[in-house]
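Heads up, the thing below is written out as structure tokens.
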Amino acid sequence: MNFKLTIKKYWEEKPLLLILLAGSFFRLLAVVFSKGFGFFDDHFLIIEAAQSWADGKDYNNWLPRSGATGPGGHNLFYTGIHYLFFAFCKLLHFNDPQGKMYVVRLLHAAFSLLIITLSYKITFLYAGKKAARMTGILLSLYWFMPMLSVRNLVEMVCIPFLLWTTLLILRGGKEGRKNFFFLAGMSAGIAFAIRFQSLFFIGGFGLVLLFQKRWVGAFLFGAGTLLCASATQGLIDYKVWGYPFAEFYAYIQYNLANKYNFETQAWYMYFTVLFGLLIPPVSLFLLFGFIRKWKTHLLLFLPAVLFFAFHSYFPNKQERFILPVIPFVVIGGIIGWQEFVEHSGFWITRAKLLRGCWIFFWIVNTIPMIFISCSYSKRDRVEAMIYLSHKPDLRLFVVEATNHDDFVMPPLYYLGHWPKTVLSMTSVINCDSLNKYTRNNPDSLLPNYVLFQEEDRLDERIQKFRDCYGDIQLETVIHQGLLDAILHTLNPVNKSQNCYIYKITARRGESHSPEK
């Protein structure tokens with residue numbers, strides 16, 4: 001049997017296997033090549049915190065042992081899982097930062113395959129194999145999925161639990177198995193422990209059960225949710241702070257107090273995000289199909305819409321916040337759209353146009369998928385720390401970012417240890433601050449490397465640093481990754497720059513002889 005016939009046979013008999021193989025291939029590319037991190041939260045709130053705990057430190061000062069007087073609104077459950085992993089690595093003397101992140105990405109890639117599997121099964125129960133295959137292949141090969149699947153994003157990690165909740169409720173109703181509603185609640189409880197905003201999905205699931213007058217199912221679902229959330233997030237917070245859900249309460253208070261202090265966008269922003277991420281005209285097909293059958297597929301529609309509506313209403317908006325909605329839009333969209341096309345006189349007579357739309361979609365989708373899956377994100381920051389980690393004489397370093405009023409925090413995880421402080425010079429932290437630190441600390445705590453971020457006014461800034469602090473000598477230049485350069489060009493808000501690492505060879509007023 002030739003290869004083409006084998007593929008065709010499996011596509012008919014075991015389509016999910018082929019879809020998972022395709023998804024696995026591109027996720028493995030991301031595991032190997034998509035190093036670094038995507039956003040602030042997926043590294044500094046997860047990796048830095050967890051590794052510092054494993055090293056007996058508390059990088060973010062979240063815990064009472066570091067002097068924190070109360071919870072800061074952070075997710076200790078998901079970060080705690082990484083702490084256990086890093087502690088296990090330390091026990092095995094596996095200390096290479098990049099090596100450990102290969103394993104972390106691999107585990108996340110494997111876990112993300114549940115998004116494909118569960119979405120396929122949900123669609124199959126609603127609309128059969130044809131729709132299930134299309135849903136699976138989209139969630140397997142959408143251009144952003146491989147790269148995001150290997151990131152430490154709570155917005156992605158909570159998705160399998162939300163989908164499993166959906167599948168259990170759906171099967172519980174179809175098969176009359178009431179224990180499935182309790183299990184669905186437990187799955188929802190884990191989703192909440194990972195991503196607090198999953199509460200809006202959970203509320204949607206509960207409302208659907210109430211609307212359908214499944215009183216026992218609703219009770220069991222609520223009991224399972226409360227039990228599992230209490231055993232995860234509640235128990236951890238009780239252990240740390242003395243009362244359950246302390247971090248959740250603090251999270252609500254913090255976000256209400258700071259809702260206008262971050263990125264505020266128009267209410268319709270997430271509509272444009274879905275329209276662009278899912279690639280038109282297919283994004284229009286999916287959104288139309290999702291809305292068209294909302295009454296029939298209320299279990300898919302209501303939880304996602306409640307979640308979407310909250311994020312659209314709340315002022316603080318970032319594109320990644322809406323990621324949990326995407327599988328639900330794809331599932332509901334494919335079901336509704338395929339049913340519409342099969343009964344639409346317009347599309348029945350214009351099969352070539354529809355085929356052309358899908359060909360256009362796959363061309364536009366595949367090119368960035370390959371590129372992004374192999375892109376090293378935040379390369380300049382990561383490689384700068386790795387370079388310094390190999391310097392046995394390193395004491396402290398200064399981040400020079402005087403073009404701005406703040407500086408880009410370096411990922412100390414890749415440095416391999418936790419320096420007492422990270423010194424910086426910005427437009428508001430001047431030379432006097434650095435010299436004051438120098439006067440008040442012994443030589444063993446003085447910086448001997450300086451990192452210049454970005455090229456603007458570089459020569460002028462280098463000379464000012466020499467005049468301020470002392471002589472410096474260029475060690476190396478760490479270049480930004482291609483993806484970061486493109487994103488920075490498209491939108492300068494995306495901070496990315498080459499990093500120039502200089503060694504401080506003598507402080508001002510000292511002899512310029514090499515350090516001993």
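Just so we're on the same page: first chain in the structure tokens is A, next is B, and so on; residues restart at 1 for each chain, and ligands are numbered from 1 in the order they show up.
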So that I can see what lies close to Ile386 in chain A, please list as a PyMOL selection string the residues with an atom at most 8 Å from it, counting only C-alpha atoms and leaving out residues fewer than 3 positions away in the same chain.
chain A and resi 382-383+389-390+414-415
How about saving the chosen residues, N, CA, C and O atoms kept, as an mmCIF file, in the first residue's frame?
```cif
data_model
loop_
_atom_site.group_PDB
_atom_site.id
_atom_site.type_symbol
_atom_site.label_atom_id
_atom_site.label_comp_id
_atom_site.auth_asym_id
_atom_site.auth_seq_id
_atom_site.Cartn_x
_atom_site.Cartn_y
_atom_site.Cartn_z
ATOM 1 N N VAL A 382 17.649 36.846 27.289
ATOM 2 C CA VAL A 382 18.028 35.515 27.768
ATOM 3 C C VAL A 382 19.511 35.265 27.562
ATOM 4 O O VAL A 382 20.232 34.848 28.487
ATOM 5 N N GLU A 383 20.001 35.517 26.353
ATOM 6 C CA GLU A 383 21.400 35.218 26.050
ATOM 7 C C GLU A 383 22.360 36.128 26.815
ATOM 8 O O GLU A 383 23.495 35.726 27.105
ATOM 9 N N SER A 389 26.435 34.385 33.046
ATOM 10 C CA SER A 389 26.505 33.226 33.941
ATOM 11 C C SER A 389 27.814 32.473 33.790
ATOM 12 O O SER A 389 28.214 31.730 34.697
ATOM 13 N N HIS A 390 28.477 32.640 32.661
ATOM 14 C CA HIS A 390 29.758 31.969 32.426
ATOM 15 C C HIS A 390 30.953 32.817 32.842
ATOM 16 O O HIS A 390 32.101 32.443 32.567
ATOM 17 N N TYR A 414 18.114 32.632 34.048
ATOM 18 C CA TYR A 414 19.169 32.175 33.143
ATOM 19 C C TYR A 414 20.561 32.569 33.631
ATOM 20 O O TYR A 414 21.554 32.086 33.094
ATOM 21 N N LEU A 415 20.633 33.429 34.624
ATOM 22 C CA LEU A 415 21.927 33.768 35.218
ATOM 23 C C LEU A 415 22.428 32.632 36.105
ATOM 24 O O LEU A 415 23.628 32.475 36.311
#
```
| request: Excluding Asn435 in chain A and any residue of its chain fewer than 3 positions from it, enumerate the residues within 12 Å of it, using only C-alpha atoms, and give them as a list in words. | output: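 My reading of the contact set: Val398, Leu423, Ser424, Met425, Ile429, Asn430, Cys431, Asp432, Thr438, Arg439, Asn440, Asn441, Leu446, Pro447, Phe465, Asp467, Cys468, Tyr469, Gly470, Arg507, Arg508 and Gly509 of chain A.
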Same residues, C-alpha atoms, output as a PDB file, in the first residue's frame:
```
ATOM      1  CA  VAL A 398      24.173  47.515  35.866  1.00  0.00           C
ATOM      2  CA  LEU A 423      21.248  47.995  39.552  1.00  0.00           C
ATOM      3  CA  SER A 424      19.933  50.270  36.854  1.00  0.00           C
ATOM      4  CA  MET A 425      20.405  53.688  35.327  1.00  0.00           C
ATOM      5  CA  ILE A 429      17.735  56.952  38.246  1.00  0.00           C
ATOM      6  CA  ASN A 430      20.914  58.870  37.531  1.00  0.00           C
ATOM      7  CA  CYS A 431      24.632  58.602  38.087  1.00  0.00           C
ATOM      8  CA  ASP A 432      24.382  59.894  41.651  1.00  0.00           C
ATOM      9  CA  THR A 438      29.093  52.288  45.466  1.00  0.00           C
ATOM     10  CA  ARG A 439      29.987  54.390  48.493  1.00  0.00           C
ATOM     11  CA  ASN A 440      27.717  52.415  50.806  1.00  0.00           C
ATOM     12  CA  ASN A 441      28.809  48.882  49.878  1.00  0.00           C
ATOM     13  CA  LEU A 446      30.015  46.473  43.475  1.00  0.00           C
ATOM     14  CA  PRO A 447      29.087  45.993  39.808  1.00  0.00           C
ATOM     15  CA  PHE A 465      28.791  56.140  31.935  1.00  0.00           C
ATOM     16  CA  ASP A 467      32.443  59.982  33.015  1.00  0.00           C
ATOM     17  CA  CYS A 468      30.064  58.927  35.789  1.00  0.00           C
ATOM     18  CA  TYR A 469      31.465  55.627  36.982  1.00  0.00           C
ATOM     19  CA  GLY A 470      34.640  54.502  35.320  1.00  0.00           C
ATOM     20  CA  ARG A 507      35.935  52.822  38.721  1.00  0.00           C
ATOM     21  CA  ARG A 508      36.336  56.554  38.506  1.00  0.00           C
ATOM     22  CA  GLY A 509      39.295  57.711  40.549  1.00  0.00           C
TER      23      GLY A 509
END
```
For range 105-108 of chain A: contacts at 9 Å, only C-alpha atoms, fewer than 6 positions along chain excluded, given as a list in words: Arg27, Leu28, Ala30, Val31, Val32, Ser34, Lys35, Ser149, Val150, Arg151, Asn152 and Val157 of chain A
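Across A:Thr165, A:Gln453, A:Thr296, A:Asn61, the tightest approach to Thr225 in chain A is made by A:Thr165 when counting only C-alpha atoms.
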May I have the residues within 7 Å of Tyr413 in chain A as a ChimeraX atom specification, using only C-alpha atoms and disregarding those fewer than 4 positions away in the same chain? /A:48,51,97
Correct to one decimal, the distance CA of Ser444 in chain A-CA of Gly67 in chain A is 25.3 Å
Give one line per residue of range 64-168 of chain A that approaches range 361-368 of chain A to at most 9 Å, naming the two atoms of the closest pair and their distance in Å to one decimal, counting only C-alpha atoms; sort by chain then ascending residue number and deliver it as JSON lines.
```
{"residue": "A:Leu141", "atom": "CA", "partner": "A:Thr366", "partner_atom": "CA", "distance": 7.9}
{"residue": "A:Tyr142", "atom": "CA", "partner": "A:Asn365", "partner_atom": "CA", "distance": 6.7}
{"residue": "A:Trp143", "atom": "CA", "partner": "A:Asn365", "partner_atom": "CA", "distance": 5.4}
{"residue": "A:Phe144", "atom": "CA", "partner": "A:Pro368", "partner_atom": "CA", "distance": 8.2}
```
Atoms to include: C-alpha atoms. Write the selected residues as a short mmCIF file (atom, residue, chain, number, x, y, z; two decimals), in the first residue's frame.
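For reference, result_10.cif as written:
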```cif
data_model
loop_
_atom_site.label_atom_id
_atom_site.label_comp_id
_atom_site.auth_asym_id
_atom_site.auth_seq_id
_atom_site.Cartn_x
_atom_site.Cartn_y
_atom_site.Cartn_z
CA LEU A 141 -2.21 23.89 13.08
CA TYR A 142 -3.44 27.40 13.73
CA TRP A 143 -0.39 29.63 13.25
CA PHE A 144 -0.15 30.71 16.90
#
```
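Pairwise distance (CA of Asp456 in chain A, CA of Met385 in chain A) equals 21.6 Å.
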Which residues come within 10 Å of Leu20 in chain A, counting only C-alpha atoms, excluding same-chain residues fewer than 4 positions away, as a compact mmCIF listing (two decimals) with N, CA and C atoms, in the first residue's frame?
```txt
# COMPACT_ATOMS: atom_id res chain seq x y z
N PRO A 15 -8.70 9.58 12.04
CA PRO A 15 -8.29 10.95 11.74
C PRO A 15 -7.62 11.66 12.91
N LEU A 16 -8.07 11.37 14.13
CA LEU A 16 -7.49 12.05 15.29
C LEU A 16 -6.00 11.73 15.42
N SER A 24 1.79 17.47 16.91
CA SER A 24 2.99 17.14 17.67
C SER A 24 4.25 17.59 16.95
N PHE A 25 4.27 17.45 15.63
CA PHE A 25 5.45 17.83 14.87
C PHE A 25 5.78 19.31 15.06
N LEU A 113 -1.74 18.90 23.67
CA LEU A 113 -2.42 17.99 22.74
C LEU A 113 -3.82 17.64 23.23
N LEU A 114 -4.07 17.81 24.53
CA LEU A 114 -5.41 17.59 25.06
C LEU A 114 -6.40 18.59 24.48
N ILE A 116 -6.49 19.59 21.43
CA ILE A 116 -6.89 19.00 20.15
C ILE A 116 -7.83 17.82 20.39
N THR A 117 -7.41 16.92 21.26
CA THR A 117 -8.19 15.69 21.50
C THR A 117 -9.58 15.98 22.04
N GLY A 136 -10.29 19.65 14.78
CA GLY A 136 -9.00 19.15 15.24
C GLY A 136 -7.84 19.71 14.45
N ILE A 137 -7.98 19.75 13.15
CA ILE A 137 -6.86 20.22 12.32
C ILE A 137 -6.62 21.71 12.51
N SER A 140 -4.94 22.18 15.83
CA SER A 140 -3.61 21.59 15.74
C SER A 140 -2.64 22.52 15.04
N LEU A 141 -3.12 23.19 13.98
CA LEU A 141 -2.21 23.89 13.08
C LEU A 141 -2.48 25.38 12.93
```
Checklist line | Residue with smallest distance to Val104 in chain A - pool A:Asp55, A:His479, A:His43, A:Trp62, counting only C-alpha atoms | finding: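 Of all the options, A:His43 lies closest to Val104 in chain A.
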Write out as a list in words the residues lying within 12 Å of Ala309 in chain A, counting only C-alpha atoms and excluding same-chain residues fewer than 2 positions away.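 So, after excluding close chain neighbours, the residues are Gln197, Phe200, Phe201, Gly204, Trp267, Tyr268, Met269, Tyr270, Phe271, Phe301, Leu302, Pro303, Ala304, Val305, Leu306, Phe307, His311, Ser312, Tyr313, Phe314, Pro315, Ile322 and Val325 of chain A.
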For those residues, write N, CA and C atoms to a file as a PDB file, in the first residue's frame.
```
ATOM      1  N   GLN A 197      -9.861  33.895  36.261  1.00  0.00           N
ATOM      2  CA  GLN A 197     -10.967  34.349  35.412  1.00  0.00           C
ATOM      3  C   GLN A 197     -11.781  33.201  34.829  1.00  0.00           C
ATOM      4  N   PHE A 200     -15.715  32.766  35.221  1.00  0.00           N
ATOM      5  CA  PHE A 200     -16.810  33.162  34.329  1.00  0.00           C
ATOM      6  C   PHE A 200     -17.234  31.992  33.444  1.00  0.00           C
ATOM      7  N   PHE A 201     -16.300  31.169  33.024  1.00  0.00           N
ATOM      8  CA  PHE A 201     -16.654  29.927  32.337  1.00  0.00           C
ATOM      9  C   PHE A 201     -17.466  29.026  33.266  1.00  0.00           C
ATOM     10  N   GLY A 204     -20.896  30.107  33.639  1.00  0.00           N
ATOM     11  CA  GLY A 204     -21.661  29.790  32.432  1.00  0.00           C
ATOM     12  C   GLY A 204     -22.097  28.338  32.392  1.00  0.00           C
ATOM     13  N   TRP A 267     -13.781  48.669  24.086  1.00  0.00           N
ATOM     14  CA  TRP A 267     -14.568  47.480  24.424  1.00  0.00           C
ATOM     15  C   TRP A 267     -14.561  46.443  23.313  1.00  0.00           C
ATOM     16  N   TYR A 268     -14.404  46.900  22.057  1.00  0.00           N
ATOM     17  CA  TYR A 268     -14.480  45.977  20.917  1.00  0.00           C
ATOM     18  C   TYR A 268     -13.130  45.367  20.551  1.00  0.00           C
ATOM     19  N   MET A 269     -12.111  45.604  21.368  1.00  0.00           N
ATOM     20  CA  MET A 269     -10.768  45.128  21.021  1.00  0.00           C
ATOM     21  C   MET A 269     -10.728  43.629  20.748  1.00  0.00           C
ATOM     22  N   TYR A 270     -11.393  42.829  21.594  1.00  0.00           N
ATOM     23  CA  TYR A 270     -11.288  41.375  21.459  1.00  0.00           C
ATOM     24  C   TYR A 270     -12.006  40.843  20.221  1.00  0.00           C
ATOM     25  N   PHE A 271     -12.966  41.598  19.699  1.00  0.00           N
ATOM     26  CA  PHE A 271     -13.562  41.218  18.421  1.00  0.00           C
ATOM     27  C   PHE A 271     -12.504  41.294  17.321  1.00  0.00           C
ATOM     28  N   PHE A 301     -21.645  28.002  23.954  1.00  0.00           N
ATOM     29  CA  PHE A 301     -21.825  29.431  23.714  1.00  0.00           C
ATOM     30  C   PHE A 301     -21.801  30.260  24.995  1.00  0.00           C
ATOM     31  N   LEU A 302     -22.634  29.920  25.971  1.00  0.00           N
ATOM     32  CA  LEU A 302     -22.824  30.793  27.126  1.00  0.00           C
ATOM     33  C   LEU A 302     -21.564  30.972  27.981  1.00  0.00           C
ATOM     34  N   PRO A 303     -20.839  29.896  28.353  1.00  0.00           N
ATOM     35  CA  PRO A 303     -19.623  30.113  29.153  1.00  0.00           C
ATOM     36  C   PRO A 303     -18.597  30.991  28.434  1.00  0.00           C
ATOM     37  N   ALA A 304     -18.404  30.745  27.136  1.00  0.00           N
ATOM     38  CA  ALA A 304     -17.429  31.534  26.388  1.00  0.00           C
ATOM     39  C   ALA A 304     -17.857  32.986  26.268  1.00  0.00           C
ATOM     40  N   VAL A 305     -19.141  33.232  26.060  1.00  0.00           N
ATOM     41  CA  VAL A 305     -19.630  34.603  25.904  1.00  0.00           C
ATOM     42  C   VAL A 305     -19.539  35.367  27.225  1.00  0.00           C
ATOM     43  N   LEU A 306     -19.840  34.718  28.337  1.00  0.00           N
ATOM     44  CA  LEU A 306     -19.691  35.383  29.631  1.00  0.00           C
ATOM     45  C   LEU A 306     -18.233  35.782  29.867  1.00  0.00           C
ATOM     46  N   PHE A 307     -17.328  34.873  29.572  1.00  0.00           N
ATOM     47  CA  PHE A 307     -15.902  35.150  29.719  1.00  0.00           C
ATOM     48  C   PHE A 307     -15.486  36.293  28.797  1.00  0.00           C
ATOM     49  N   HIS A 311     -14.195  40.312  29.838  1.00  0.00           N
ATOM     50  CA  HIS A 311     -12.921  40.885  29.393  1.00  0.00           C
ATOM     51  C   HIS A 311     -13.131  42.080  28.473  1.00  0.00           C
ATOM     52  N   SER A 312     -14.211  42.079  27.712  1.00  0.00           N
ATOM     53  CA  SER A 312     -14.501  43.234  26.860  1.00  0.00           C
ATOM     54  C   SER A 312     -14.910  44.443  27.704  1.00  0.00           C
ATOM     55  N   TYR A 313     -15.599  44.181  28.815  1.00  0.00           N
ATOM     56  CA  TYR A 313     -16.038  45.265  29.702  1.00  0.00           C
ATOM     57  C   TYR A 313     -14.892  45.811  30.538  1.00  0.00           C
ATOM     58  N   PHE A 314     -14.026  44.925  31.024  1.00  0.00           N
ATOM     59  CA  PHE A 314     -12.981  45.356  31.951  1.00  0.00           C
ATOM     60  C   PHE A 314     -11.929  46.169  31.200  1.00  0.00           C
ATOM     61  N   PRO A 315     -11.501  47.321  31.738  1.00  0.00           N
ATOM     62  CA  PRO A 315     -10.597  48.218  30.988  1.00  0.00           C
ATOM     63  C   PRO A 315      -9.244  47.607  30.657  1.00  0.00           C
ATOM     64  N   ILE A 322      -7.758  36.566  26.134  1.00  0.00           N
ATOM     65  CA  ILE A 322      -8.943  35.985  25.512  1.00  0.00           C
ATOM     66  C   ILE A 322      -8.672  34.594  24.942  1.00  0.00           C
ATOM     67  N   VAL A 325     -11.102  31.418  25.040  1.00  0.00           N
ATOM     68  CA  VAL A 325     -12.323  31.432  24.239  1.00  0.00           C
ATOM     69  C   VAL A 325     -12.125  30.736  22.889  1.00  0.00           C
TER      70      VAL A 325
END
```
#### Entry: CA of Gly217 in chain A to CA of Glu339 in chain A, straight-line distance in Å
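CA of Gly217 in chain A lies 29.6 Å from CA of Glu339 in chain A.
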- Item | DSSP alpha helix (DSSP H) residues within range 261-324 of chain A, as a PyMOL selection string | chain A and resi 269-277+282-292+298-313
Subject >> Best match for closeness to Glu247 in chain A among A:Thr476, A:Asn60, A:Ser52, A:Gln233, counting only C-alpha atoms >> reply: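 Checking each of A:Thr476, A:Asn60, A:Ser52, A:Gln233 against Glu247 in chain A, counting only C-alpha atoms, the winner is A:Gln233.
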| query | So, counting only C-alpha atoms, which residue among A:Gly38, A:Pro160, A:Gly72, A:Pro64 is closest to Arg195 in chain A? | reply |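 Ranking A:Gly38, A:Pro160, A:Gly72, A:Pro64 by distance to Arg195 in chain A, first place goes to A:Pro160.
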Note to self: My list of candidates is A:Gln473, A:Gln253, A:Ala109, A:Tyr126. Which is closest to Lys174 in chain A when distances are computed with only C-alpha atoms?
What the structure shows: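 Nearest candidate to Lys174 in chain A out of A:Gln473, A:Gln253, A:Ala109, A:Tyr126: A:Tyr126.
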